Amino acid sequence: MNNAENHIADVTEYMQAVGERARAASRLINRASTAQKNAALLAIADSLNIRRDQLIVANQKDLDAGRGKNLDAALMDRLELTPQRIDAMIEGLRQVAGLEDPVGAVTDLTYRPSGIQVGKMRVPLGVIGIIYESRPNVTCEAASLCLKAGNAAILRGGSEALLSNQAIAACVREGLAAAGLDVNVIQVIDRPDRDAVGQLITMPEFVDVIVPRGGKGLIERVSADAKVPVIKHLDGNCHVYVDDRADLEKAVTVVVNAKTQRYGTCCTMESLLIARSVAEQAIPRIAAEFARHQVEMRGCEAVRAIIPEASAACDEDWKEEYLAPIVSIKVVEGLEEAIAHINSHGSQHTDSIITEDFNRAQRFLREVDSSSVMINASTRFADGFEYGLGAEIGISTDKLHARGPVGLEGLTSQKFIVIGDGHIRQ
């Protein structure tokens, strides 16, 4: 074999071994008690606290390498492990330990005419592969949620965070061992090879589901090539529609927050729709706030007739996830056109209506085909913590299994259970 073939064979052998360990560990963690899992989470938190200096040193090496590669400022910001971010990881682990354990919960147990009882039990998914970029704190978040939900996990972070992720992985292993759990419950890939991703997403004998967290390119590649189910969202083109029966004070507050509270998140508003009959009143007030926040505005002809400082929006603007201080603004005739525009141009992530009309609000809830639909609220609330899930592994815009913020319950499935007492079918 040539060098390339040797390399692929080596990666294949490595990933097969990782997969085999994960599958074996998934059967062990499946029967772990809630107390054991919580003990592991708290021990990981303690390890992170003790090893703060080692985490910072490893992260500094990644940051130095990133500067040498001229990584952009946004990526470098996500890569950095500050003392505050380490504090947040520790607090996150403690919060997950305090969440209710979904595994083993039995619901809908009812007697059937035959005398048997039929219900559903919540169970782990098994082995979860998570692929992500830049942010080393995701290693900790993913490990904690998968562990609490009774799953084994194979985590593959970006090559730019390799040393940081391995430093966190050492703390995870230490915490698992301290709680008497198999250290292979959480495995963090220690190779930067892209071929490792290709192997991970094509091992259905070892991996039950893949969760990609990163840019659209990564998620499209994983979705196209995976041979196991994928929980995903490609982008977050979120809308707010200001109805002609909106409270305009409320509308301005919500719209500005939805766009400017944070620019780089998937639940940030990217497109604003405004009913024509209130456009003359609403647009100048909203535009003044956007200008104060230095948000670039791109509008349709009707918008530019009201605020000439807006540049002309093109067709692509109505589908764009900017992740930046840029917003597209369109005047629509009313609710009907707003719903049609969202369903044809949106990404099925999060969309909100501002209205005081109950019937219109209810119609918006029913007809907008997104994973989160809101009334008189900022799209920035589309978050596992804000929804009371405690934490999330990501946001799913799929319709099967999990939709919206994926918390502990989203990392489990259900099976039917039947309880009898010698019952036989007649």
# chains A, B, ... in the order shown; residues from 1 in each chain; ligands from 1
>>> closest_atom_pairs(of="stretch 53-73 of chain A", to="stretch 33-48 of chain A", cutoff="10 Å", atoms="only C-alpha atoms", output="tab-separated table")
residue	atom	partner	partner_atom	distance
A:Asp53	CA	A:Leu48	CA	9.4
A:Gln54	CA	A:Leu48	CA	9.2
A:Leu55	CA	A:Leu48	CA	7.9
>>> write_last_selection(atoms="N, CA and C atoms", output="CSV table (one decimal), in the first residue's frame")
chain,number,residue,atom,x,y,z
A,53,ASP,N,-5.3,25.5,35.4
A,53,ASP,CA,-4.1,26.0,34.8
A,53,ASP,C,-3.7,25.1,33.6
A,54,GLN,N,-3.9,23.8,33.6
A,54,GLN,CA,-3.6,22.9,32.5
A,54,GLN,C,-4.5,23.2,31.3
A,55,LEU,N,-5.8,23.5,31.6
A,55,LEU,CA,-6.7,23.8,30.5
A,55,LEU,C,-6.2,25.1,29.8
>>> closest_atom_pairs(of="stretch 213-290 of chain A", to="stretch 126-129 of chain A", cutoff="12 Å", atoms="only C-alpha atoms", output="Markdown table")
| residue | atom | partner | partner_atom | distance |
| --- | --- | --- | --- | --- |
| A:Arg213 | CA | A:Gly129 | CA | 10.8 |
| A:Val222 | CA | A:Gly129 | CA | 11.3 |
| A:Ala226 | CA | A:Gly129 | CA | 11.1 |
| A:Val228 | CA | A:Gly129 | CA | 9.8 |
| A:Pro229 | CA | A:Ile128 | CA | 10.1 |
| A:Val230 | CA | A:Gly129 | CA | 9.4 |
| A:Ile231 | CA | A:Ile128 | CA | 10.3 |
>>> write_last_selection(atoms="N, CA, C and O atoms", output="PDB file, in the first residue's frame")
ATOM      1  N   ARG A 213     -22.531  19.897  14.904  1.00  0.00           N
ATOM      2  CA  ARG A 213     -22.683  21.273  15.373  1.00  0.00           C
ATOM      3  C   ARG A 213     -21.598  22.106  14.727  1.00  0.00           C
ATOM      4  O   ARG A 213     -20.415  21.911  15.001  1.00  0.00           O
ATOM      5  N   VAL A 222     -22.000  16.163   6.405  1.00  0.00           N
ATOM      6  CA  VAL A 222     -22.374  15.050   7.280  1.00  0.00           C
ATOM      7  C   VAL A 222     -23.718  14.457   6.850  1.00  0.00           C
ATOM      8  O   VAL A 222     -23.869  13.240   6.761  1.00  0.00           O
ATOM      9  N   ALA A 226     -23.611  10.562   5.716  1.00  0.00           N
ATOM     10  CA  ALA A 226     -23.837   9.704   6.879  1.00  0.00           C
ATOM     11  C   ALA A 226     -24.658   8.464   6.522  1.00  0.00           C
ATOM     12  O   ALA A 226     -25.577   8.516   5.706  1.00  0.00           O
ATOM     13  N   VAL A 228     -25.847   6.768   9.232  1.00  0.00           N
ATOM     14  CA  VAL A 228     -26.640   6.657  10.452  1.00  0.00           C
ATOM     15  C   VAL A 228     -27.520   7.905  10.531  1.00  0.00           C
ATOM     16  O   VAL A 228     -27.235   8.917   9.878  1.00  0.00           O
ATOM     17  N   PRO A 229     -28.606   7.876  11.306  1.00  0.00           N
ATOM     18  CA  PRO A 229     -29.481   9.049  11.406  1.00  0.00           C
ATOM     19  C   PRO A 229     -28.729  10.279  11.914  1.00  0.00           C
ATOM     20  O   PRO A 229     -27.796  10.169  12.709  1.00  0.00           O
ATOM     21  N   VAL A 230     -29.153  11.452  11.441  1.00  0.00           N
ATOM     22  CA  VAL A 230     -28.512  12.720  11.803  1.00  0.00           C
ATOM     23  C   VAL A 230     -29.561  13.652  12.403  1.00  0.00           C
ATOM     24  O   VAL A 230     -30.636  13.838  11.835  1.00  0.00           O
ATOM     25  N   ILE A 231     -29.268  14.222  13.578  1.00  0.00           N
ATOM     26  CA  ILE A 231     -30.092  15.286  14.152  1.00  0.00           C
ATOM     27  C   ILE A 231     -29.409  16.594  13.792  1.00  0.00           C
ATOM     28  O   ILE A 231     -28.288  16.847  14.203  1.00  0.00           O
TER      29      ILE A 231
END
>>> residues_around(residues="A:Val96", least_positions_apart="2", cutoff="9 Å", atoms="only C-alpha atoms", output="PDB file with C-alpha atoms, in the first residue's frame")
ATOM      1  CA  ASN A  38     -24.588  12.604  38.922  1.00  0.00           C
ATOM      2  CA  LEU A  41     -20.788  14.872  36.516  1.00  0.00           C
ATOM      3  CA  GLU A  91     -21.621  25.398  36.497  1.00  0.00           C
ATOM      4  CA  GLY A  92     -23.166  23.651  33.482  1.00  0.00           C
ATOM      5  CA  LEU A  93     -22.041  20.242  34.757  1.00  0.00           C
ATOM      6  CA  ARG A  94     -23.540  20.962  38.169  1.00  0.00           C
ATOM      7  CA  GLY A  98     -29.428  18.639  39.157  1.00  0.00           C
ATOM      8  CA  LEU A  99     -31.766  17.861  36.251  1.00  0.00           C
ATOM      9  CA  GLU A 100     -34.328  15.090  36.438  1.00  0.00           C
ATOM     10  CA  SER A 144     -22.526  15.996  30.308  1.00  0.00           C
ATOM     11  CA  LEU A 145     -25.803  15.671  28.400  1.00  0.00           C
ATOM     12  CA  LYS A 148     -26.922  12.065  32.047  1.00  0.00           C
ATOM     13  CA  GLY A 390     -31.448  22.878  31.559  1.00  0.00           C
ATOM     14  CA  ALA A 391     -29.088  22.575  28.617  1.00  0.00           C
TER      15      ALA A 391
END
>>> residues_around(residues="A:Tyr132", least_positions_apart="5", cutoff="12 Å", atoms="only C-alpha atoms", output="JSON, numbers by chain")
{"A": [78, 79, 137, 138, 139, 141, 142, 154, 155, 156, 157, 158, 159, 160, 161, 162, 165, 188, 189, 197, 210, 211, 212, 213, 214, 215, 216, 217, 218, 219, 222, 232, 393, 394]}
>>> closest_residue(among="A:Leu109, A:Leu335, A:Ala291, A:Leu273", to="A:Leu365", atoms="only C-alpha atoms")
A:Leu335
>>> closest_residue(among="A:Asn151, A:Ser378, A:Thr12, A:Gln348", to="A:Arg31", atoms="only C-alpha atoms")
A:Asn151
>>> decode(residues="stretch 79-113 of chain A", atoms="N, CA, C and O atoms", output="PDB file, in the first residue's frame")
ATOM      1  N   LEU A  79     -12.774  29.884  20.118  1.00  0.00           N
ATOM      2  CA  LEU A  79     -11.756  28.923  20.531  1.00  0.00           C
ATOM      3  C   LEU A  79     -11.229  29.197  21.939  1.00  0.00           C
ATOM      4  O   LEU A  79     -10.834  28.269  22.650  1.00  0.00           O
ATOM      5  N   GLU A  80     -11.273  30.440  22.362  1.00  0.00           N
ATOM      6  CA  GLU A  80     -10.614  30.808  23.619  1.00  0.00           C
ATOM      7  C   GLU A  80     -11.341  30.263  24.839  1.00  0.00           C
ATOM      8  O   GLU A  80     -12.575  30.334  24.946  1.00  0.00           O
ATOM      9  N   LEU A  81     -10.576  29.710  25.782  1.00  0.00           N
ATOM     10  CA  LEU A  81     -11.094  29.272  27.081  1.00  0.00           C
ATOM     11  C   LEU A  81     -10.681  30.292  28.133  1.00  0.00           C
ATOM     12  O   LEU A  81      -9.569  30.255  28.651  1.00  0.00           O
ATOM     13  N   THR A  82     -11.566  31.215  28.434  1.00  0.00           N
ATOM     14  CA  THR A  82     -11.293  32.197  29.476  1.00  0.00           C
ATOM     15  C   THR A  82     -11.652  31.600  30.839  1.00  0.00           C
ATOM     16  O   THR A  82     -12.367  30.603  30.920  1.00  0.00           O
ATOM     17  N   PRO A  83     -11.170  32.200  31.933  1.00  0.00           N
ATOM     18  CA  PRO A  83     -11.593  31.733  33.267  1.00  0.00           C
ATOM     19  C   PRO A  83     -13.116  31.717  33.416  1.00  0.00           C
ATOM     20  O   PRO A  83     -13.671  30.810  34.038  1.00  0.00           O
ATOM     21  N   GLN A  84     -13.779  32.711  32.812  1.00  0.00           N
ATOM     22  CA  GLN A  84     -15.238  32.762  32.898  1.00  0.00           C
ATOM     23  C   GLN A  84     -15.882  31.601  32.158  1.00  0.00           C
ATOM     24  O   GLN A  84     -16.889  31.038  32.609  1.00  0.00           O
ATOM     25  N   ARG A  85     -15.303  31.199  31.026  1.00  0.00           N
ATOM     26  CA  ARG A  85     -15.864  30.074  30.278  1.00  0.00           C
ATOM     27  C   ARG A  85     -15.614  28.753  31.003  1.00  0.00           C
ATOM     28  O   ARG A  85     -16.436  27.841  30.927  1.00  0.00           O
ATOM     29  N   ILE A  86     -14.505  28.653  31.690  1.00  0.00           N
ATOM     30  CA  ILE A  86     -14.267  27.457  32.514  1.00  0.00           C
ATOM     31  C   ILE A  86     -15.272  27.424  33.660  1.00  0.00           C
ATOM     32  O   ILE A  86     -15.841  26.368  33.971  1.00  0.00           O
ATOM     33  N   ASP A  87     -15.522  28.587  34.271  1.00  0.00           N
ATOM     34  CA  ASP A  87     -16.555  28.669  35.310  1.00  0.00           C
ATOM     35  C   ASP A  87     -17.906  28.204  34.759  1.00  0.00           C
ATOM     36  O   ASP A  87     -18.646  27.480  35.437  1.00  0.00           O
ATOM     37  N   ALA A  88     -18.230  28.634  33.539  1.00  0.00           N
ATOM     38  CA  ALA A  88     -19.514  28.277  32.936  1.00  0.00           C
ATOM     39  C   ALA A  88     -19.595  26.765  32.680  1.00  0.00           C
ATOM     40  O   ALA A  88     -20.664  26.157  32.855  1.00  0.00           O
ATOM     41  N   MET A  89     -18.486  26.155  32.265  1.00  0.00           N
ATOM     42  CA  MET A  89     -18.487  24.703  32.060  1.00  0.00           C
ATOM     43  C   MET A  89     -18.745  23.979  33.375  1.00  0.00           C
ATOM     44  O   MET A  89     -19.535  23.028  33.439  1.00  0.00           O
ATOM     45  N   ILE A  90     -18.090  24.425  34.420  1.00  0.00           N
ATOM     46  CA  ILE A  90     -18.256  23.800  35.738  1.00  0.00           C
ATOM     47  C   ILE A  90     -19.700  23.952  36.219  1.00  0.00           C
ATOM     48  O   ILE A  90     -20.315  22.989  36.690  1.00  0.00           O
ATOM     49  N   GLU A  91     -20.240  25.164  36.076  1.00  0.00           N
ATOM     50  CA  GLU A  91     -21.621  25.398  36.497  1.00  0.00           C
ATOM     51  C   GLU A  91     -22.592  24.578  35.655  1.00  0.00           C
ATOM     52  O   GLU A  91     -23.581  24.040  36.166  1.00  0.00           O
ATOM     53  N   GLY A  92     -22.306  24.455  34.354  1.00  0.00           N
ATOM     54  CA  GLY A  92     -23.166  23.651  33.482  1.00  0.00           C
ATOM     55  C   GLY A  92     -23.219  22.195  33.912  1.00  0.00           C
ATOM     56  O   GLY A  92     -24.284  21.569  33.917  1.00  0.00           O
ATOM     57  N   LEU A  93     -22.077  21.627  34.274  1.00  0.00           N
ATOM     58  CA  LEU A  93     -22.041  20.242  34.757  1.00  0.00           C
ATOM     59  C   LEU A  93     -22.877  20.083  36.017  1.00  0.00           C
ATOM     60  O   LEU A  93     -23.634  19.115  36.166  1.00  0.00           O
ATOM     61  N   ARG A  94     -22.773  21.047  36.929  1.00  0.00           N
ATOM     62  CA  ARG A  94     -23.540  20.962  38.169  1.00  0.00           C
ATOM     63  C   ARG A  94     -25.033  21.112  37.913  1.00  0.00           C
ATOM     64  O   ARG A  94     -25.856  20.470  38.570  1.00  0.00           O
ATOM     65  N   GLN A  95     -25.372  21.951  36.950  1.00  0.00           N
ATOM     66  CA  GLN A  95     -26.789  22.104  36.602  1.00  0.00           C
ATOM     67  C   GLN A  95     -27.356  20.823  35.996  1.00  0.00           C
ATOM     68  O   GLN A  95     -28.472  20.408  36.317  1.00  0.00           O
ATOM     69  N   VAL A  96     -26.590  20.189  35.099  1.00  0.00           N
ATOM     70  CA  VAL A  96     -27.062  18.938  34.484  1.00  0.00           C
ATOM     71  C   VAL A  96     -27.217  17.858  35.552  1.00  0.00           C
ATOM     72  O   VAL A  96     -28.165  17.066  35.525  1.00  0.00           O
ATOM     73  N   ALA A  97     -26.309  17.829  36.528  1.00  0.00           N
ATOM     74  CA  ALA A  97     -26.435  16.866  37.626  1.00  0.00           C
ATOM     75  C   ALA A  97     -27.726  17.092  38.396  1.00  0.00           C
ATOM     76  O   ALA A  97     -28.318  16.141  38.933  1.00  0.00           O
ATOM     77  N   GLY A  98     -28.201  18.328  38.431  1.00  0.00           N
ATOM     78  CA  GLY A  98     -29.428  18.639  39.157  1.00  0.00           C
ATOM     79  C   GLY A  98     -30.701  18.409  38.372  1.00  0.00           C
ATOM     80  O   GLY A  98     -31.804  18.494  38.934  1.00  0.00           O
ATOM     81  N   LEU A  99     -30.578  18.100  37.076  1.00  0.00           N
ATOM     82  CA  LEU A  99     -31.766  17.861  36.251  1.00  0.00           C
ATOM     83  C   LEU A  99     -32.362  16.487  36.524  1.00  0.00           C
ATOM     84  O   LEU A  99     -31.660  15.544  36.899  1.00  0.00           O
ATOM     85  N   GLU A 100     -33.660  16.379  36.283  1.00  0.00           N
ATOM     86  CA  GLU A 100     -34.328  15.090  36.438  1.00  0.00           C
ATOM     87  C   GLU A 100     -33.801  14.113  35.391  1.00  0.00           C
ATOM     88  O   GLU A 100     -33.627  14.462  34.221  1.00  0.00           O
ATOM     89  N   ASP A 101     -33.548  12.885  35.807  1.00  0.00           N
ATOM     90  CA  ASP A 101     -33.047  11.848  34.905  1.00  0.00           C
ATOM     91  C   ASP A 101     -34.220  11.291  34.098  1.00  0.00           C
ATOM     92  O   ASP A 101     -35.170  10.752  34.664  1.00  0.00           O
ATOM     93  N   PRO A 102     -34.174  11.407  32.770  1.00  0.00           N
ATOM     94  CA  PRO A 102     -35.299  10.899  31.975  1.00  0.00           C
ATOM     95  C   PRO A 102     -35.303   9.381  31.817  1.00  0.00           C
ATOM     96  O   PRO A 102     -36.342   8.787  31.503  1.00  0.00           O
ATOM     97  N   VAL A 103     -34.146   8.738  32.022  1.00  0.00           N
ATOM     98  CA  VAL A 103     -34.014   7.309  31.709  1.00  0.00           C
ATOM     99  C   VAL A 103     -34.825   6.469  32.689  1.00  0.00           C
ATOM    100  O   VAL A 103     -34.750   6.641  33.903  1.00  0.00           O
ATOM    101  N   GLY A 104     -35.624   5.567  32.128  1.00  0.00           N
ATOM    102  CA  GLY A 104     -36.422   4.660  32.937  1.00  0.00           C
ATOM    103  C   GLY A 104     -37.807   5.175  33.271  1.00  0.00           C
ATOM    104  O   GLY A 104     -38.624   4.428  33.842  1.00  0.00           O
ATOM    105  N   ALA A 105     -38.098   6.433  32.942  1.00  0.00           N
ATOM    106  CA  ALA A 105     -39.422   6.979  33.239  1.00  0.00           C
ATOM    107  C   ALA A 105     -40.485   6.243  32.425  1.00  0.00           C
ATOM    108  O   ALA A 105     -40.339   6.043  31.215  1.00  0.00           O
ATOM    109  N   VAL A 106     -41.559   5.818  33.095  1.00  0.00           N
ATOM    110  CA  VAL A 106     -42.654   5.094  32.446  1.00  0.00           C
ATOM    111  C   VAL A 106     -43.869   6.012  32.369  1.00  0.00           C
ATOM    112  O   VAL A 106     -44.252   6.635  33.363  1.00  0.00           O
ATOM    113  N   THR A 107     -44.450   6.123  31.194  1.00  0.00           N
ATOM    114  CA  THR A 107     -45.619   6.977  30.987  1.00  0.00           C
ATOM    115  C   THR A 107     -46.714   6.214  30.266  1.00  0.00           C
ATOM    116  O   THR A 107     -46.465   5.164  29.652  1.00  0.00           O
ATOM    117  N   ASP A 108     -47.929   6.740  30.358  1.00  0.00           N
ATOM    118  CA  ASP A 108     -49.094   6.232  29.608  1.00  0.00           C
ATOM    119  C   ASP A 108     -49.405   4.773  29.916  1.00  0.00           C
ATOM    120  O   ASP A 108     -49.889   4.044  29.030  1.00  0.00           O
ATOM    121  N   LEU A 109     -49.133   4.330  31.127  1.00  0.00           N
ATOM    122  CA  LEU A 109     -49.403   2.929  31.483  1.00  0.00           C
ATOM    123  C   LEU A 109     -50.906   2.761  31.697  1.00  0.00           C
ATOM    124  O   LEU A 109     -51.488   3.369  32.606  1.00  0.00           O
ATOM    125  N   THR A 110     -51.528   1.962  30.855  1.00  0.00           N
ATOM    126  CA  THR A 110     -52.983   1.768  30.924  1.00  0.00           C
ATOM    127  C   THR A 110     -53.334   0.295  30.750  1.00  0.00           C
ATOM    128  O   THR A 110     -52.600  -0.468  30.108  1.00  0.00           O
ATOM    129  N   TYR A 111     -54.469  -0.076  31.327  1.00  0.00           N
ATOM    130  CA  TYR A 111     -54.982  -1.438  31.147  1.00  0.00           C
ATOM    131  C   TYR A 111     -55.704  -1.535  29.811  1.00  0.00           C
ATOM    132  O   TYR A 111     -56.468  -0.645  29.425  1.00  0.00           O
ATOM    133  N   ARG A 112     -55.475  -2.651  29.117  1.00  0.00           N
ATOM    134  CA  ARG A 112     -56.179  -2.950  27.881  1.00  0.00           C
ATOM    135  C   ARG A 112     -57.304  -3.942  28.180  1.00  0.00           C
ATOM    136  O   ARG A 112     -57.309  -4.594  29.240  1.00  0.00           O
ATOM    137  N   PRO A 113     -58.286  -4.075  27.287  1.00  0.00           N
ATOM    138  CA  PRO A 113     -59.398  -5.004  27.537  1.00  0.00           C
ATOM    139  C   PRO A 113     -58.937  -6.430  27.823  1.00  0.00           C
ATOM    140  O   PRO A 113     -59.610  -7.182  28.536  1.00  0.00           O
TER     141      PRO A 113
END
